[in-house]
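> Contents of entry-v2.txt (compact mmCIF, C-alpha atoms and all ligand atoms) are below:
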# COMPACT_ATOMS: atom_id res chain seq x y z
CA MET A 28 62.03 58.85 85.14
CA LEU A 29 58.34 58.91 84.41
CA THR A 30 57.64 59.09 80.69
CA VAL A 31 54.32 59.97 79.10
CA ASP A 32 54.51 59.38 75.36
CA ASN A 33 51.95 60.78 72.97
CA ILE A 34 48.85 59.85 74.99
CA ASN A 35 45.21 60.43 74.11
CA LEU A 36 42.34 60.27 76.58
CA HIS A 37 38.61 60.31 75.86
CA TYR A 38 35.49 60.71 77.97
CA GLY A 39 32.98 59.08 75.65
CA ALA A 40 33.17 61.03 72.40
CA ALA A 41 34.94 64.02 73.99
CA GLN A 42 38.73 64.04 73.72
CA ALA A 43 40.44 65.52 76.80
CA LEU A 44 44.10 64.77 75.93
CA ARG A 45 45.64 64.96 72.44
CA GLY A 46 49.09 63.48 71.87
CA VAL A 47 50.46 64.61 75.24
CA SER A 48 54.14 63.83 75.90
CA ILE A 49 55.98 64.82 79.07
CA GLU A 50 58.94 63.59 81.10
CA ALA A 51 59.35 63.83 84.87
CA PRO A 52 63.00 63.01 85.74
CA MET A 53 64.12 61.70 89.15
CA GLY A 54 65.36 64.41 91.53
CA LYS A 55 63.48 67.15 89.67
CA ILE A 56 60.23 69.07 90.05
CA THR A 57 58.22 69.12 86.84
CA CYS A 58 55.24 71.42 86.67
CA VAL A 59 52.31 71.38 84.23
CA LEU A 60 50.45 74.70 84.14
CA GLY A 61 47.16 75.46 82.51
CA ARG A 62 43.80 77.14 82.93
CA ASN A 63 40.62 75.42 84.16
CA GLY A 64 39.49 72.46 82.12
CA VAL A 65 42.52 72.11 79.81
CA GLY A 66 43.13 68.50 80.87
CA LYS A 67 45.61 68.70 83.77
CA SER A 68 43.70 66.38 86.10
CA SER A 69 42.99 64.01 83.21
CA LEU A 70 46.76 63.73 82.64
CA LEU A 71 47.32 62.79 86.28
CA ARG A 72 44.39 60.36 86.27
CA ALA A 73 45.97 58.68 83.23
CA ILE A 74 49.32 58.39 85.03
CA THR A 75 47.84 57.01 88.24
CA GLY A 76 45.55 54.61 86.39
CA GLN A 77 42.24 56.18 87.42
CA GLN A 78 41.28 56.76 83.80
CA PRO A 79 42.24 54.57 80.80
CA ILE A 80 44.11 56.13 77.88
CA SER A 81 43.02 55.61 74.29
CA GLY A 82 46.48 55.85 72.72
CA GLY A 83 50.15 56.31 73.56
CA ALA A 84 52.21 54.90 76.43
CA ILE A 85 53.14 55.66 80.04
CA ALA A 86 56.28 54.14 81.57
CA PHE A 87 58.26 54.44 84.79
CA ASN A 88 62.00 53.76 84.49
CA GLY A 89 61.39 52.11 81.14
CA GLU A 90 58.68 49.72 82.41
CA SER A 91 55.25 50.19 80.93
CA LEU A 92 52.39 50.91 83.35
CA GLU A 93 49.84 49.81 80.76
CA GLY A 94 46.88 47.89 82.15
CA LEU A 95 48.03 48.26 85.78
CA ALA A 96 45.31 49.20 88.29
CA PRO A 97 45.89 52.28 90.50
CA TYR A 98 46.74 49.99 93.43
CA HIS A 99 49.51 48.28 91.45
CA ARG A 100 50.86 51.63 90.23
CA ALA A 101 51.06 52.70 93.90
CA SER A 102 53.10 49.55 94.63
CA ARG A 103 55.42 50.49 91.76
CA GLY A 104 56.05 53.81 93.51
CA ILE A 105 53.53 56.23 92.02
CA GLY A 106 52.17 58.36 94.88
CA TYR A 107 49.12 60.56 94.26
CA VAL A 108 47.78 63.67 96.00
CA PRO A 109 44.41 64.17 94.29
CA GLN A 110 42.62 67.43 93.64
CA GLY A 111 40.41 68.34 96.60
CA ARG A 112 42.61 66.18 98.88
CA GLU A 113 40.10 63.31 99.28
CA ILE A 114 40.71 62.94 102.98
CA PHE A 115 38.45 60.43 104.75
CA PRO A 116 36.42 62.83 106.92
CA LEU A 117 35.36 60.35 109.61
CA LEU A 118 38.76 58.71 110.04
CA THR A 119 41.33 60.30 112.36
CA VAL A 120 44.51 61.91 111.04
CA LYS A 121 46.46 58.80 112.12
CA GLU A 122 43.99 56.47 110.39
CA ASN A 123 44.11 58.60 107.23
CA LEU A 124 47.91 58.27 107.20
CA GLU A 125 47.60 54.52 107.76
CA THR A 126 45.46 54.10 104.64
CA GLY A 127 48.79 54.66 102.82
CA PHE A 128 49.97 51.27 104.18
CA ALA A 129 47.83 49.37 101.66
CA PRO A 130 50.45 48.95 98.87
CA LEU A 131 53.36 48.36 101.32
CA PRO A 132 54.97 45.12 102.49
CA ARG A 133 54.35 44.43 106.20
CA LYS A 134 57.81 45.54 107.40
CA GLU A 135 57.38 49.00 105.88
CA ARG A 136 54.02 49.65 107.49
CA PHE A 137 54.99 52.54 109.75
CA ILE A 138 54.62 56.30 109.42
CA PRO A 139 58.01 57.89 108.52
CA ASP A 140 59.12 60.55 111.05
CA ASP A 141 59.95 63.13 108.39
CA ILE A 142 56.21 63.58 107.74
CA PHE A 143 55.91 65.10 111.21
CA SER A 144 59.06 67.21 110.82
CA LEU A 145 57.66 68.62 107.58
CA PHE A 146 54.14 69.06 108.90
CA PRO A 147 54.34 69.38 112.73
CA VAL A 148 50.65 70.26 112.87
CA LEU A 149 49.80 66.66 111.94
CA SER A 150 51.57 65.21 114.98
CA SER A 151 49.53 67.40 117.31
CA MET A 152 46.28 66.35 115.62
CA LEU A 153 46.70 62.59 115.25
CA ALA A 154 43.45 61.79 117.05
CA ARG A 155 41.38 64.46 115.33
CA ARG A 156 38.96 63.56 112.54
CA GLY A 157 40.19 64.38 109.03
CA GLY A 158 36.96 66.24 108.27
CA ASP A 159 37.59 68.67 111.14
CA LEU A 160 40.92 69.91 109.72
CA SER A 161 41.24 73.17 107.76
CA GLY A 162 41.78 72.99 104.00
CA GLY A 163 45.50 73.66 104.40
CA GLN A 164 45.86 71.02 107.11
CA GLN A 165 44.00 68.53 104.90
CA GLN A 166 46.41 69.26 102.06
CA GLN A 167 49.34 68.57 104.39
CA LEU A 168 47.64 65.35 105.47
CA ALA A 169 47.10 64.32 101.83
CA ILE A 170 50.80 64.86 101.06
CA GLY A 171 51.73 62.99 104.27
CA ARG A 172 49.47 60.09 103.28
CA ALA A 173 51.16 59.88 99.87
CA MET A 174 54.57 59.93 101.58
CA VAL A 175 53.55 56.93 103.70
CA THR A 176 53.43 54.88 100.49
CA ARG A 177 57.22 55.64 99.96
CA PRO A 178 56.68 57.01 96.45
CA ARG A 179 59.44 57.26 93.87
CA VAL A 180 57.24 59.56 91.80
CA LEU A 181 54.93 61.99 93.61
CA VAL A 182 52.07 63.35 91.54
CA LEU A 183 50.16 66.36 92.96
CA ASP A 184 46.97 67.88 91.57
CA GLU A 185 46.77 71.62 92.34
CA PRO A 186 48.28 71.48 95.85
CA THR A 187 47.76 75.24 96.37
CA GLU A 188 44.06 75.30 95.48
CA GLY A 189 42.07 77.18 98.13
CA ILE A 190 45.02 77.38 100.53
CA GLN A 191 46.27 80.40 102.46
CA PRO A 192 49.71 81.85 101.59
CA SER A 193 51.56 80.75 104.76
CA ILE A 194 50.57 77.12 104.19
CA ILE A 195 51.41 77.38 100.48
CA LYS A 196 54.95 78.28 101.63
CA ASP A 197 55.08 75.20 103.90
CA ILE A 198 53.89 73.01 101.05
CA GLY A 199 56.50 74.45 98.67
CA ARG A 200 59.20 73.82 101.28
CA ALA A 201 58.00 70.23 101.76
CA ILE A 202 58.02 69.55 98.02
CA ARG A 203 61.58 70.89 97.72
CA TYR A 204 62.69 68.82 100.70
CA LEU A 205 61.24 65.67 99.13
CA ARG A 206 63.07 66.32 95.86
CA ASP A 207 66.40 67.02 97.57
CA SER A 208 66.32 64.39 100.32
CA THR A 209 64.87 61.43 98.45
CA GLY A 210 65.65 62.16 94.80
CA MET A 211 62.08 61.28 93.87
CA ALA A 212 60.48 62.63 90.71
CA ILE A 213 57.80 65.22 91.48
CA LEU A 214 55.11 66.08 88.97
CA LEU A 215 52.59 68.73 89.86
CA VAL A 216 49.81 70.39 87.94
CA GLU A 217 48.86 73.95 88.87
CA GLN A 218 47.09 77.10 87.86
CA TYR A 219 49.19 79.21 90.24
CA LEU A 220 52.03 80.52 88.11
CA ASP A 221 54.21 82.02 90.86
CA PHE A 222 54.25 78.76 92.81
CA CYS A 223 55.49 76.88 89.73
CA ARG A 224 58.01 79.52 88.78
CA GLU A 225 59.62 79.33 92.23
CA LEU A 226 59.59 75.55 92.50
CA ALA A 227 59.86 73.96 89.08
CA ASP A 228 63.00 72.68 87.38
CA HIS A 229 61.03 72.30 84.16
CA VAL A 230 57.59 73.51 83.11
CA TYR A 231 55.00 72.52 80.54
CA ILE A 232 51.92 74.52 79.61
CA MET A 233 48.75 72.75 78.52
CA ASP A 234 45.96 74.27 76.49
CA ARG A 235 42.86 72.43 75.25
CA GLY A 236 44.28 68.97 75.83
CA GLU A 237 47.69 69.64 74.27
CA ILE A 238 51.17 70.64 75.44
CA VAL A 239 51.75 74.06 73.87
CA HIS A 240 54.97 75.16 75.58
CA GLN A 241 57.86 73.68 77.53
CA GLY A 242 61.10 74.97 79.01
CA ALA A 243 62.89 76.15 82.16
CA ALA A 244 60.79 77.98 84.76
CA GLU A 245 62.10 81.37 83.56
CA THR A 246 60.45 80.84 80.16
CA LEU A 247 57.07 81.37 81.87
CA ASP A 248 57.73 85.10 81.62
CA THR A 249 57.69 85.17 77.84
CA PRO A 250 54.64 86.72 76.14
CA GLU A 251 53.97 83.46 74.29
CA ALA A 252 53.75 81.48 77.56
CA ARG A 253 51.59 84.15 79.20
CA ARG A 254 49.15 84.05 76.31
CA HIS A 255 48.29 80.42 77.13
CA LEU A 256 47.75 81.18 80.79
CA THR A 257 45.57 84.27 80.69
CA VAL A 258 41.83 83.80 80.50
N1 LIG B 301 34.48 62.34 84.11
C1 LIG B 301 34.40 63.15 83.04
N2 LIG B 301 33.46 62.95 82.08
C2 LIG B 301 33.37 63.76 81.00
N3 LIG B 301 34.17 64.81 80.77
C3 LIG B 301 35.13 65.06 81.68
C4 LIG B 301 35.28 64.25 82.87
N4 LIG B 301 36.31 64.75 83.58
C5 LIG B 301 36.78 65.82 82.89
N5 LIG B 301 36.07 66.01 81.76
C6 LIG B 301 36.30 67.05 80.75
O1 LIG B 301 37.63 66.92 80.24
C7 LIG B 301 38.24 68.19 80.09
C8 LIG B 301 39.52 68.27 80.94
O2 LIG B 301 39.18 68.23 82.32
P1 LIG B 301 40.26 68.16 83.49
O3 LIG B 301 39.56 67.98 84.78
O4 LIG B 301 41.30 67.18 83.14
O5 LIG B 301 40.89 69.62 83.38
P2 LIG B 301 41.77 70.43 84.44
O6 LIG B 301 42.77 71.17 83.62
O7 LIG B 301 42.27 69.55 85.49
O8 LIG B 301 40.74 71.46 85.04
P3 LIG B 301 40.60 72.03 86.55
O9 LIG B 301 41.78 72.93 86.73
O10 LIG B 301 39.32 72.76 86.52
O11 LIG B 301 40.63 70.86 87.46
C9 LIG B 301 37.20 69.23 80.49
O12 LIG B 301 36.58 69.68 79.32
C10 LIG B 301 36.24 68.45 81.35
O13 LIG B 301 34.95 68.98 81.25
With the file now loaded, output its structure as structure tokens.
Ligand SMILES: Nc1ncnc2c1ncn2[C@@H]1O[C@H](COP(=O)(O)OP(=O)(O)OP(=O)(O)O)[C@@H](O)[C@H]1O

Amino acid sequence: MLTVDNINLHYGAAQALRGVSIEAPMGKITCVLGRNGVGKSSLLRAITGQQPISGGAIAFNGESLEGLAPYHRASRGIGYVPQGREIFPLLTVKENLETGFAPLPRKERFIPDDIFSLFPVLSSMLARRGGDLSGGQQQQLAIGRAMVTRPRVLVLDEPTEGIQPSIIKDIGRAIRYLRDSTGMAILLVEQYLDFCRELADHVYIMDRGEIVHQGAAETLDTPEARRHLTV
């Protein structure tokens, strides 16, 4: 499992994470909910190594990730779907998927077929430029690109942001399939409560840089949980 233990994160003098601890077990979907600006992306940037932490520890299956660059964390099996997708607009869909080869040994440098079964639209658009895809198609491409790296932990930053309902359903289905077929740990941060309630095995709520609630998905319906999620 992925373990985040009591981490702090600062941007200069401003503290974005305060003593955050979460666990993302293998074969489970763990969801971190919170309003804008509470520190959800900072948590994922700490896990993927994009942003250094100023206290605490992050480990995968008991091995510390401390000091490892994002590239090395990807080789250890941490796959990342960043907020806003970060598709390369001038590369084709196929080339975007192939950027996921970077952390892989040579014999694993191929695109797994299940990406195209999950997201058939990608197979019909392999030669199209990433920048010409719709937002929903780009999100599917970003998840596909992370799958190319054969992650053991998949970390997703607001996968439903700006996406139409039918594609949100496809993305939810894909995330469930990945949990059930590969047994990977899935950690996603979201503002969209219904998406998390349907998908998550375990939820955390963040508020102002801290974890303020945790429990099964059904506990999101308690007044105390709601209070942290309403503006
Ligand atoms: N590069 C940065 N430099 C300085 N402050 C930052 C930086 N990135 C984020 N912050 C601040 O840290 C806090 C947490 O931001 P973060 O992006 O982690 O929140 P979030 O919950 O992901 O929000 P959103 O849902 O809007 O993406 C915010 O107050 C934000 O302004």
> Pick out the residues sitting within 12 Å of Asn63 in chain A, and hand them over as a PyMOL selection string; count all atoms listed in the file, and ignore anything fewer than 2 positions along from it in its own chain.
chain A and resi 60-61+65-69+185+188+216-219+233-236+255-258
> What does the distance between CA of Val31 in chain A and CA of Val47 in chain A come to in Å, to one decimal place?
7.2 Å
> Could you name the residues that touch Thr246 in chain A at 12 Å or less, counting all atoms listed in the file, but leaving out those on the same chain fewer than 4 positions away, as a list of chain:residue names?
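Once the adjacent positions are removed, what remains is A:Leu220, A:Cys223, A:Arg224, A:Ala227, A:Asp228, A:His229, A:Val230, A:Tyr231, A:Ile232, A:His240, A:Gln241, A:Gly242, A:Pro250, A:Glu251, A:Ala252, A:Arg253.
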> Export C-alpha atoms of the chosen residues as a PDB file, in the frame of the given file?

ATOM      1  CA  LEU A 220      52.030  80.520  88.110  1.00  0.00           C
ATOM      2  CA  CYS A 223      55.490  76.880  89.730  1.00  0.00           C
ATOM      3  CA  ARG A 224      58.010  79.520  88.780  1.00  0.00           C
ATOM      4  CA  ALA A 227      59.860  73.960  89.080  1.00  0.00           C
ATOM      5  CA  ASP A 228      63.000  72.680  87.380  1.00  0.00           C
ATOM      6  CA  HIS A 229      61.030  72.300  84.160  1.00  0.00           C
ATOM      7  CA  VAL A 230      57.590  73.510  83.110  1.00  0.00           C
ATOM      8  CA  TYR A 231      55.000  72.520  80.540  1.00  0.00           C
ATOM      9  CA  ILE A 232      51.920  74.520  79.610  1.00  0.00           C
ATOM     10  CA  HIS A 240      54.970  75.160  75.580  1.00  0.00           C
ATOM     11  CA  GLN A 241      57.860  73.680  77.530  1.00  0.00           C
ATOM     12  CA  GLY A 242      61.100  74.970  79.010  1.00  0.00           C
ATOM     13  CA  PRO A 250      54.640  86.720  76.140  1.00  0.00           C
ATOM     14  CA  GLU A 251      53.970  83.460  74.290  1.00  0.00           C
ATOM     15  CA  ALA A 252      53.750  81.480  77.560  1.00  0.00           C
ATOM     16  CA  ARG A 253      51.590  84.150  79.200  1.00  0.00           C
TER      17      ARG A 253
END
> Looking at A:Thr187, A:Thr176, A:Gln166, A:Ser102, which one is nearest to ligand LIG 301 (chain B), with distances taken over all atoms listed in the file?
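Ranking A:Thr187, A:Thr176, A:Gln166, A:Ser102 by distance to ligand LIG 301 (chain B), first place goes to A:Thr187.
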> Looking at A:Thr119, A:Ser48, A:Thr57, A:Asn33, which one is nearest to Ala244 in chain A, with distances taken over only C-alpha atoms?
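Selected residue with least distance to Ala244 in chain A: A:Thr57.
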> Let me know the centre plus edge lengths, in Å and rounded to one decimal, of a box with edges along x, y and z that contains all listed atoms of range 60-70 of chain A and is padded by 3 Å on every side, as AutoDock Vina command-line options.

--center_x 45.0 --center_y 70.4 --center_z 83.0 --size_x 17.0 --size_y 19.4 --size_z 12.3
> So the first atom is atom P3 of ligand LIG 301 (chain B) and the second is CA of Leu71 in chain A; what is the distance between them in Å, to one decimal place?
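Here the two named atoms are 11.4 Å from each other.
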> From the options A:Gly46, A:Pro192, A:Gly111, A:Gly76, which residue's atoms come nearest to Leu95 in chain A, counting only C-alpha atoms?
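When distances to Leu95 in chain A are compared using only C-alpha atoms, the smallest one comes from A:Gly76.
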> Pick from A:Ile238, A:Glu90, A:Leu149, A:Ile85: nearest to ligand LIG 301 (chain B), with only C-alpha atoms and all ligand atoms counted?
A:Ile238
> To one decimal in Å, tell me the separation between CA of Phe143 in chain A and CA of Phe128 in chain A.
16.6 Å
> In terms of the shortest atom-to-atom distance over all atoms listed in the file, which of A:Met211, A:Val59, A:Ile138, A:Val120 is closest to ligand LIG 301 (chain B)?
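Result for the nearest residue to ligand LIG 301 (chain B): A:Val59.
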> Which residue is closest to Arg172 in chain A? Choose from A:Met152, A:Ile194, A:Ile114, A:Leu247 and count all atoms listed in the file.
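Smallest distance to Arg172 in chain A is found for A:Ile114.
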> Using only C-alpha atoms, which protein or nucleic acid residues come within 7 Å of Val182 in chain A? Drop anything in the same chain fewer than 5 positions from it, and give the result as a list in words.
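That gives Gly106, Tyr107, Val108, Ile213, Leu214 and Leu215 of chain A.
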> Excluding Arg103 in chain A and residues on its chain fewer than 5 positions from it, collect all residues at most 9 Å away from it, counting all atoms listed in the file, and give them as a count of residues only.
6
> Because some atoms of range 174-200 of chain A are absent here, can you restore N, CA and C atoms and send them as a PDB file, keeping the file's coordinate frame?

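Contents of the output file part_2.pdb:
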ATOM      1  N   MET A 174      53.197  60.260 101.175  1.00  0.00           N
ATOM      2  CA  MET A 174      54.570  59.930 101.580  1.00  0.00           C
ATOM      3  C   MET A 174      54.656  58.594 102.297  1.00  0.00           C
ATOM      4  N   VAL A 175      53.579  58.228 103.007  1.00  0.00           N
ATOM      5  CA  VAL A 175      53.550  56.930 103.700  1.00  0.00           C
ATOM      6  C   VAL A 175      53.762  55.788 102.710  1.00  0.00           C
ATOM      7  N   THR A 176      53.300  55.964 101.481  1.00  0.00           N
ATOM      8  CA  THR A 176      53.430  54.880 100.490  1.00  0.00           C
ATOM      9  C   THR A 176      54.856  54.762  99.919  1.00  0.00           C
ATOM     10  N   ARG A 177      55.801  55.605 100.421  1.00  0.00           N
ATOM     11  CA  ARG A 177      57.220  55.640  99.960  1.00  0.00           C
ATOM     12  C   ARG A 177      57.296  55.790  98.440  1.00  0.00           C
ATOM     13  N   PRO A 178      56.695  56.866  97.904  1.00  0.00           N
ATOM     14  CA  PRO A 178      56.680  57.010  96.450  1.00  0.00           C
ATOM     15  C   PRO A 178      58.059  57.281  95.869  1.00  0.00           C
ATOM     16  N   ARG A 179      58.234  56.872  94.619  1.00  0.00           N
ATOM     17  CA  ARG A 179      59.440  57.260  93.870  1.00  0.00           C
ATOM     18  C   ARG A 179      59.076  58.351  92.861  1.00  0.00           C
ATOM     19  N   VAL A 180      57.771  58.441  92.579  1.00  0.00           N
ATOM     20  CA  VAL A 180      57.240  59.560  91.800  1.00  0.00           C
ATOM     21  C   VAL A 180      56.061  60.105  92.598  1.00  0.00           C
ATOM     22  N   LEU A 181      56.067  61.396  92.892  1.00  0.00           N
ATOM     23  CA  LEU A 181      54.930  61.990  93.610  1.00  0.00           C
ATOM     24  C   LEU A 181      54.189  62.906  92.654  1.00  0.00           C
ATOM     25  N   VAL A 182      52.895  62.645  92.499  1.00  0.00           N
ATOM     26  CA  VAL A 182      52.070  63.350  91.540  1.00  0.00           C
ATOM     27  C   VAL A 182      51.054  64.179  92.341  1.00  0.00           C
ATOM     28  N   LEU A 183      51.043  65.495  92.151  1.00  0.00           N
ATOM     29  CA  LEU A 183      50.160  66.360  92.960  1.00  0.00           C
ATOM     30  C   LEU A 183      49.248  67.173  92.057  1.00  0.00           C
ATOM     31  N   ASP A 184      47.956  67.150  92.370  1.00  0.00           N
ATOM     32  CA  ASP A 184      46.970  67.880  91.570  1.00  0.00           C
ATOM     33  C   ASP A 184      46.569  69.167  92.295  1.00  0.00           C
ATOM     34  N   GLU A 185      47.063  70.285  91.802  1.00  0.00           N
ATOM     35  CA  GLU A 185      46.770  71.620  92.340  1.00  0.00           C
ATOM     36  C   GLU A 185      46.888  71.705  93.869  1.00  0.00           C
ATOM     37  N   PRO A 186      48.121  71.475  94.382  1.00  0.00           N
ATOM     38  CA  PRO A 186      48.280  71.480  95.850  1.00  0.00           C
ATOM     39  C   PRO A 186      48.024  72.833  96.506  1.00  0.00           C
ATOM     40  N   THR A 187      47.983  73.927  95.738  1.00  0.00           N
ATOM     41  CA  THR A 187      47.760  75.240  96.370  1.00  0.00           C
ATOM     42  C   THR A 187      46.301  75.681  96.327  1.00  0.00           C
ATOM     43  N   GLU A 188      45.439  74.870  95.708  1.00  0.00           N
ATOM     44  CA  GLU A 188      44.060  75.300  95.480  1.00  0.00           C
ATOM     45  C   GLU A 188      43.329  75.580  96.805  1.00  0.00           C
ATOM     46  N   GLY A 189      42.857  76.796  96.952  1.00  0.00           N
ATOM     47  CA  GLY A 189      42.070  77.180  98.130  1.00  0.00           C
ATOM     48  C   GLY A 189      42.865  77.215  99.425  1.00  0.00           C
ATOM     49  N   ILE A 190      44.180  77.443  99.329  1.00  0.00           N
ATOM     50  CA  ILE A 190      45.020  77.380 100.530  1.00  0.00           C
ATOM     51  C   ILE A 190      45.656  78.725 100.813  1.00  0.00           C
ATOM     52  N   GLN A 191      45.739  79.079 102.108  1.00  0.00           N
ATOM     53  CA  GLN A 191      46.270  80.400 102.460  1.00  0.00           C
ATOM     54  C   GLN A 191      47.778  80.473 102.249  1.00  0.00           C
ATOM     55  N   PRO A 192      48.305  81.704 101.992  1.00  0.00           N
ATOM     56  CA  PRO A 192      49.710  81.850 101.590  1.00  0.00           C
ATOM     57  C   PRO A 192      50.729  81.209 102.527  1.00  0.00           C
ATOM     58  N   SER A 193      50.525  81.293 103.856  1.00  0.00           N
ATOM     59  CA  SER A 193      51.560  80.750 104.760  1.00  0.00           C
ATOM     60  C   SER A 193      51.662  79.237 104.584  1.00  0.00           C
ATOM     61  N   ILE A 194      50.539  78.586 104.349  1.00  0.00           N
ATOM     62  CA  ILE A 194      50.570  77.120 104.190  1.00  0.00           C
ATOM     63  C   ILE A 194      51.102  76.751 102.807  1.00  0.00           C
ATOM     64  N   ILE A 195      50.823  77.610 101.803  1.00  0.00           N
ATOM     65  CA  ILE A 195      51.410  77.380 100.480  1.00  0.00           C
ATOM     66  C   ILE A 195      52.938  77.354 100.594  1.00  0.00           C
ATOM     67  N   LYS A 196      53.482  78.252 101.425  1.00  0.00           N
ATOM     68  CA  LYS A 196      54.950  78.280 101.630  1.00  0.00           C
ATOM     69  C   LYS A 196      55.430  76.970 102.232  1.00  0.00           C
ATOM     70  N   ASP A 197      54.696  76.477 103.253  1.00  0.00           N
ATOM     71  CA  ASP A 197      55.080  75.200 103.900  1.00  0.00           C
ATOM     72  C   ASP A 197      55.046  74.063 102.893  1.00  0.00           C
ATOM     73  N   ILE A 198      54.032  74.093 102.033  1.00  0.00           N
ATOM     74  CA  ILE A 198      53.890  73.010 101.050  1.00  0.00           C
ATOM     75  C   ILE A 198      55.027  73.073 100.024  1.00  0.00           C
ATOM     76  N   GLY A 199      55.374  74.276  99.601  1.00  0.00           N
ATOM     77  CA  GLY A 199      56.500  74.450  98.670  1.00  0.00           C
ATOM     78  C   GLY A 199      57.795  73.928  99.298  1.00  0.00           C
ATOM     79  N   ARG A 200      57.985  74.267 100.576  1.00  0.00           N
ATOM     80  CA  ARG A 200      59.200  73.820 101.280  1.00  0.00           C
ATOM     81  C   ARG A 200      59.229  72.293 101.345  1.00  0.00           C
TER      82      ARG A 200
END
